[in-house]
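The data block below is final-v7.tsv; it holds TSV, C-alpha atoms.
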```tsv
chain	number	residue	atom	x	y	z
A	1	MET	CA	-7.29	-18.08	25.60
A	2	GLN	CA	-4.77	-19.49	28.03
A	3	ALA	CA	-2.04	-19.34	25.37
A	4	ALA	CA	-2.66	-15.59	24.98
A	5	TYR	CA	-2.63	-15.19	28.76
A	6	GLU	CA	0.74	-16.93	29.01
A	7	ARG	CA	2.41	-14.24	26.87
A	8	PHE	CA	1.92	-11.56	29.54
A	9	GLU	CA	3.46	-11.02	32.93
A	10	LYS	CA	0.96	-12.11	35.52
A	11	THR	CA	0.51	-12.04	39.26
A	12	VAL	CA	-2.70	-14.10	39.35
A	13	PRO	CA	-2.97	-17.67	38.02
A	14	PHE	CA	-4.97	-18.14	34.81
A	15	GLU	CA	-7.63	-20.23	36.55
A	16	ASP	CA	-8.29	-17.44	39.08
A	17	THR	CA	-8.36	-14.81	36.36
A	18	ILE	CA	-10.86	-16.68	34.21
A	19	ALA	CA	-13.05	-17.46	37.25
A	20	SER	CA	-13.31	-13.79	38.29
A	21	PRO	CA	-16.57	-11.81	37.93
A	22	GLU	CA	-14.76	-9.35	35.67
A	23	ALA	CA	-13.84	-12.17	33.30
A	24	ASP	CA	-17.46	-13.34	33.20
A	25	ALA	CA	-18.66	-9.84	32.30
A	26	THR	CA	-15.98	-9.49	29.63
A	27	LEU	CA	-16.73	-12.90	28.13
A	28	ASP	CA	-20.44	-12.07	28.07
A	29	LYS	CA	-19.70	-8.88	26.11
A	30	ILE	CA	-17.45	-10.75	23.70
A	31	THR	CA	-20.07	-13.45	23.17
A	32	ALA	CA	-22.79	-10.86	22.54
A	33	TYR	CA	-20.58	-9.05	20.01
A	34	LEU	CA	-19.71	-12.24	18.15
A	35	GLU	CA	-23.37	-13.22	17.97
A	36	ARG	CA	-24.28	-9.71	16.74
A	37	VAL	CA	-21.80	-9.89	13.84
A	38	GLY	CA	-22.73	-13.49	13.08
A	39	ALA	CA	-19.33	-14.95	13.94
A	40	THR	CA	-20.52	-18.42	14.82
A	41	ALA	CA	-18.25	-20.74	12.82
A	42	GLU	CA	-16.92	-23.62	14.92
A	43	THR	CA	-13.55	-23.40	13.22
A	44	GLY	CA	-13.19	-19.75	14.16
A	45	SER	CA	-13.82	-16.45	12.51
A	46	VAL	CA	-11.87	-13.61	11.01
A	47	LEU	CA	-13.01	-10.00	11.11
A	48	ILE	CA	-11.31	-8.00	8.39
A	49	ASN	CA	-12.06	-4.29	8.51
A	50	GLY	CA	-15.29	-5.08	10.32
A	51	LYS	CA	-16.41	-7.72	7.83
A	52	TYR	CA	-17.01	-11.25	9.07
A	53	PHE	CA	-15.45	-14.23	7.31
A	54	PRO	CA	-15.50	-17.81	8.61
A	55	PHE	CA	-11.98	-19.06	9.20
A	56	SER	CA	-11.17	-21.23	6.22
A	57	GLN	CA	-8.65	-21.55	3.44
A	58	GLN	CA	-10.34	-18.56	1.77
A	59	TRP	CA	-9.57	-15.96	4.47
A	60	PRO	CA	-6.26	-14.85	2.89
A	61	HIS	CA	-8.17	-14.09	-0.33
A	62	ALA	CA	-10.78	-12.17	1.68
A	63	LEU	CA	-8.00	-10.18	3.36
A	64	GLN	CA	-6.36	-9.34	0.04
A	65	SER	CA	-9.69	-8.37	-1.54
A	66	THR	CA	-10.70	-6.15	1.38
A	67	LEU	CA	-7.32	-4.44	1.53
A	68	THR	CA	-7.44	-3.82	-2.23
A	69	GLU	CA	-10.87	-2.19	-1.86
A	70	GLN	CA	-9.57	0.02	0.96
A	71	LEU	CA	-6.46	1.00	-0.97
A	72	GLN	CA	-8.53	1.94	-4.03
A	73	TYR	CA	-10.84	4.03	-1.86
A	74	LEU	CA	-7.92	5.84	-0.25
A	75	GLN	CA	-6.25	6.45	-3.61
A	76	GLU	CA	-9.43	8.01	-4.96
A	77	THR	CA	-9.93	10.09	-1.83
A	78	VAL	CA	-6.44	11.51	-1.53
A	79	SER	CA	-5.78	14.45	-3.79
A	80	PHE	CA	-2.18	15.05	-4.71
A	81	ASP	CA	-3.03	18.54	-5.99
A	82	ARG	CA	-3.24	19.91	-2.45
A	83	PRO	CA	-0.08	20.73	-0.53
A	84	VAL	CA	0.73	18.50	2.43
A	85	ARG	CA	0.44	20.30	5.79
```

Whole structure, structure tokens version:
Amino acid sequence: MQAAYERFEKTVPFEDTIASPEADATLDKITAYLERVGATAETGSVLINGKYFPFSQQWPHALQSTLTEQLQYLQETVSFDRPVR
């Protein structure tokens, strides 16, 4: 988390930011969300289009598979017979 923090301009040190009540509330919400979607892998998790995958060597395959499903859905949904507005 500190690495992400370092990429932004900041006026408050990281330690003060993470110790703030706002940070506690935000972290509690993040933790609750991750528990709700079942993202509990110690090595990390990947959410691809709302689907949970544990972070592993298989996540690129999961990404490709999910994107292929989405592309097929969009191709079937879009009708080229109608004029574009």

For this session: Between atom CA of A:Gly50 and atom CA of A:Val37, measure the distance and give it in Å to one decimal.
Result: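 Taking atom CA of A:Gly50 as the start and atom CA of A:Val37 as the end point, the length is 8.8 Å.
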
For this session: Work out how far atom CA of A:Thr77 is from atom CA of A:Ile48, in Å to one decimal.
Result: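 Separating atom CA of A:Ile48 from atom CA of A:Thr77 is a distance of 20.8 Å.
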
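Counting only C-alpha atoms, the residue from A:Ser65, A:Thr31, A:Gln57, A:Thr17 that sits nearest to A:Thr43 is A:Gln57.
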
Seminar exercise, completed: In Å and to one decimal, atom CA of A:Glu15 is distant from atom CA of A:Asp28 by 17.4 Å

For this session: Would you mind listing what lies within 12 Å of A:Thr40 as a PyMOL selection string, with only C-alpha atoms counted and same-chain residues fewer than 5 positions away left out?
Result: chain A and resi 31-35+45-47+52-55

Test item: axis-aligned box, all listed atoms of stretch 31-49 of chain A, 6 Å on each side, centre and edges in Å rounded to one decimal, as JSON:
```
{"center_x": -17.8, "center_y": -14.0, "center_z": 15.8, "size_x": 25.0, "size_y": 31.3, "size_z": 26.8}
```

For stretch 15-73 of chain A, write C-alpha atoms out as a PDB file, in the first residue's frame.
```pdb
ATOM      1  CA  GLU A  15       2.290   6.831   8.541  1.00  0.00           C
ATOM      2  CA  ASP A  16      -0.097   9.663   9.485  1.00  0.00           C
ATOM      3  CA  THR A  17      -2.397   8.866   6.582  1.00  0.00           C
ATOM      4  CA  ILE A  18      -2.669   5.177   7.413  1.00  0.00           C
ATOM      5  CA  ALA A  19      -3.202   5.953  11.122  1.00  0.00           C
ATOM      6  CA  SER A  20      -6.131   8.309  10.448  1.00  0.00           C
ATOM      7  CA  PRO A  21      -9.737   7.356  11.347  1.00  0.00           C
ATOM      8  CA  GLU A  22     -10.691   7.760   7.686  1.00  0.00           C
ATOM      9  CA  ALA A  23      -8.103   5.165   6.704  1.00  0.00           C
ATOM     10  CA  ASP A  24      -9.462   2.744   9.316  1.00  0.00           C
ATOM     11  CA  ALA A  25     -12.999   3.134   7.960  1.00  0.00           C
ATOM     12  CA  THR A  26     -11.802   2.673   4.382  1.00  0.00           C
ATOM     13  CA  LEU A  27      -9.729  -0.398   5.246  1.00  0.00           C
ATOM     14  CA  ASP A  28     -12.703  -1.891   7.102  1.00  0.00           C
ATOM     15  CA  LYS A  29     -14.863  -1.453   3.988  1.00  0.00           C
ATOM     16  CA  ILE A  30     -12.183  -2.986   1.775  1.00  0.00           C
ATOM     17  CA  THR A  31     -11.763  -5.937   4.135  1.00  0.00           C
ATOM     18  CA  ALA A  32     -15.521  -6.534   4.263  1.00  0.00           C
ATOM     19  CA  TYR A  33     -15.740  -6.435   0.459  1.00  0.00           C
ATOM     20  CA  LEU A  34     -12.859  -8.863   0.012  1.00  0.00           C
ATOM     21  CA  GLU A  35     -14.403 -11.267   2.505  1.00  0.00           C
ATOM     22  CA  ARG A  36     -17.790 -10.972   0.747  1.00  0.00           C
ATOM     23  CA  VAL A  37     -16.317 -11.947  -2.635  1.00  0.00           C
ATOM     24  CA  GLY A  38     -14.158 -14.649  -1.090  1.00  0.00           C
ATOM     25  CA  ALA A  39     -10.835 -13.025  -1.944  1.00  0.00           C
ATOM     26  CA  THR A  40      -8.813 -14.601   0.827  1.00  0.00           C
ATOM     27  CA  ALA A  41      -5.738 -16.020  -0.922  1.00  0.00           C
ATOM     28  CA  GLU A  42      -2.515 -15.182   0.903  1.00  0.00           C
ATOM     29  CA  THR A  43      -0.706 -14.648  -2.379  1.00  0.00           C
ATOM     30  CA  GLY A  44      -3.253 -12.066  -3.487  1.00  0.00           C
ATOM     31  CA  SER A  45      -6.336 -12.038  -5.608  1.00  0.00           C
ATOM     32  CA  VAL A  46      -7.442 -10.842  -8.994  1.00  0.00           C
ATOM     33  CA  LEU A  47     -10.953  -9.636  -9.750  1.00  0.00           C
ATOM     34  CA  ILE A  48     -11.646  -9.850 -13.464  1.00  0.00           C
ATOM     35  CA  ASN A  49     -14.984  -8.388 -14.479  1.00  0.00           C
ATOM     36  CA  GLY A  50     -16.258  -9.039 -10.967  1.00  0.00           C
ATOM     37  CA  LYS A  51     -15.092 -12.654 -10.874  1.00  0.00           C
ATOM     38  CA  TYR A  52     -12.633 -13.698  -8.195  1.00  0.00           C
ATOM     39  CA  PHE A  53      -9.471 -15.608  -9.078  1.00  0.00           C
ATOM     40  CA  PRO A  54      -6.627 -16.361  -6.669  1.00  0.00           C
ATOM     41  CA  PHE A  55      -3.405 -14.770  -7.874  1.00  0.00           C
ATOM     42  CA  SER A  56      -1.443 -17.569  -9.467  1.00  0.00           C
ATOM     43  CA  GLN A  57       0.172 -18.503 -12.746  1.00  0.00           C
ATOM     44  CA  GLN A  58      -3.333 -19.159 -14.115  1.00  0.00           C
ATOM     45  CA  TRP A  59      -4.666 -15.587 -13.835  1.00  0.00           C
ATOM     46  CA  PRO A  60      -3.585 -14.581 -17.369  1.00  0.00           C
ATOM     47  CA  HIS A  61      -5.611 -17.524 -18.709  1.00  0.00           C
ATOM     48  CA  ALA A  62      -8.583 -16.445 -16.587  1.00  0.00           C
ATOM     49  CA  LEU A  63      -8.263 -12.910 -17.959  1.00  0.00           C
ATOM     50  CA  GLN A  64      -8.146 -14.134 -21.549  1.00  0.00           C
ATOM     51  CA  SER A  65     -11.095 -16.476 -21.020  1.00  0.00           C
ATOM     52  CA  THR A  66     -13.236 -13.803 -19.359  1.00  0.00           C
ATOM     53  CA  LEU A  67     -12.438 -11.216 -22.016  1.00  0.00           C
ATOM     54  CA  THR A  68     -13.280 -13.730 -24.749  1.00  0.00           C
ATOM     55  CA  GLU A  69     -16.662 -14.392 -23.112  1.00  0.00           C
ATOM     56  CA  GLN A  70     -17.356 -10.662 -22.909  1.00  0.00           C
ATOM     57  CA  LEU A  71     -16.324 -10.066 -26.506  1.00  0.00           C
ATOM     58  CA  GLN A  72     -18.576 -12.884 -27.729  1.00  0.00           C
ATOM     59  CA  TYR A  73     -21.483 -11.465 -25.737  1.00  0.00           C
TER      60      TYR A  73
END
```
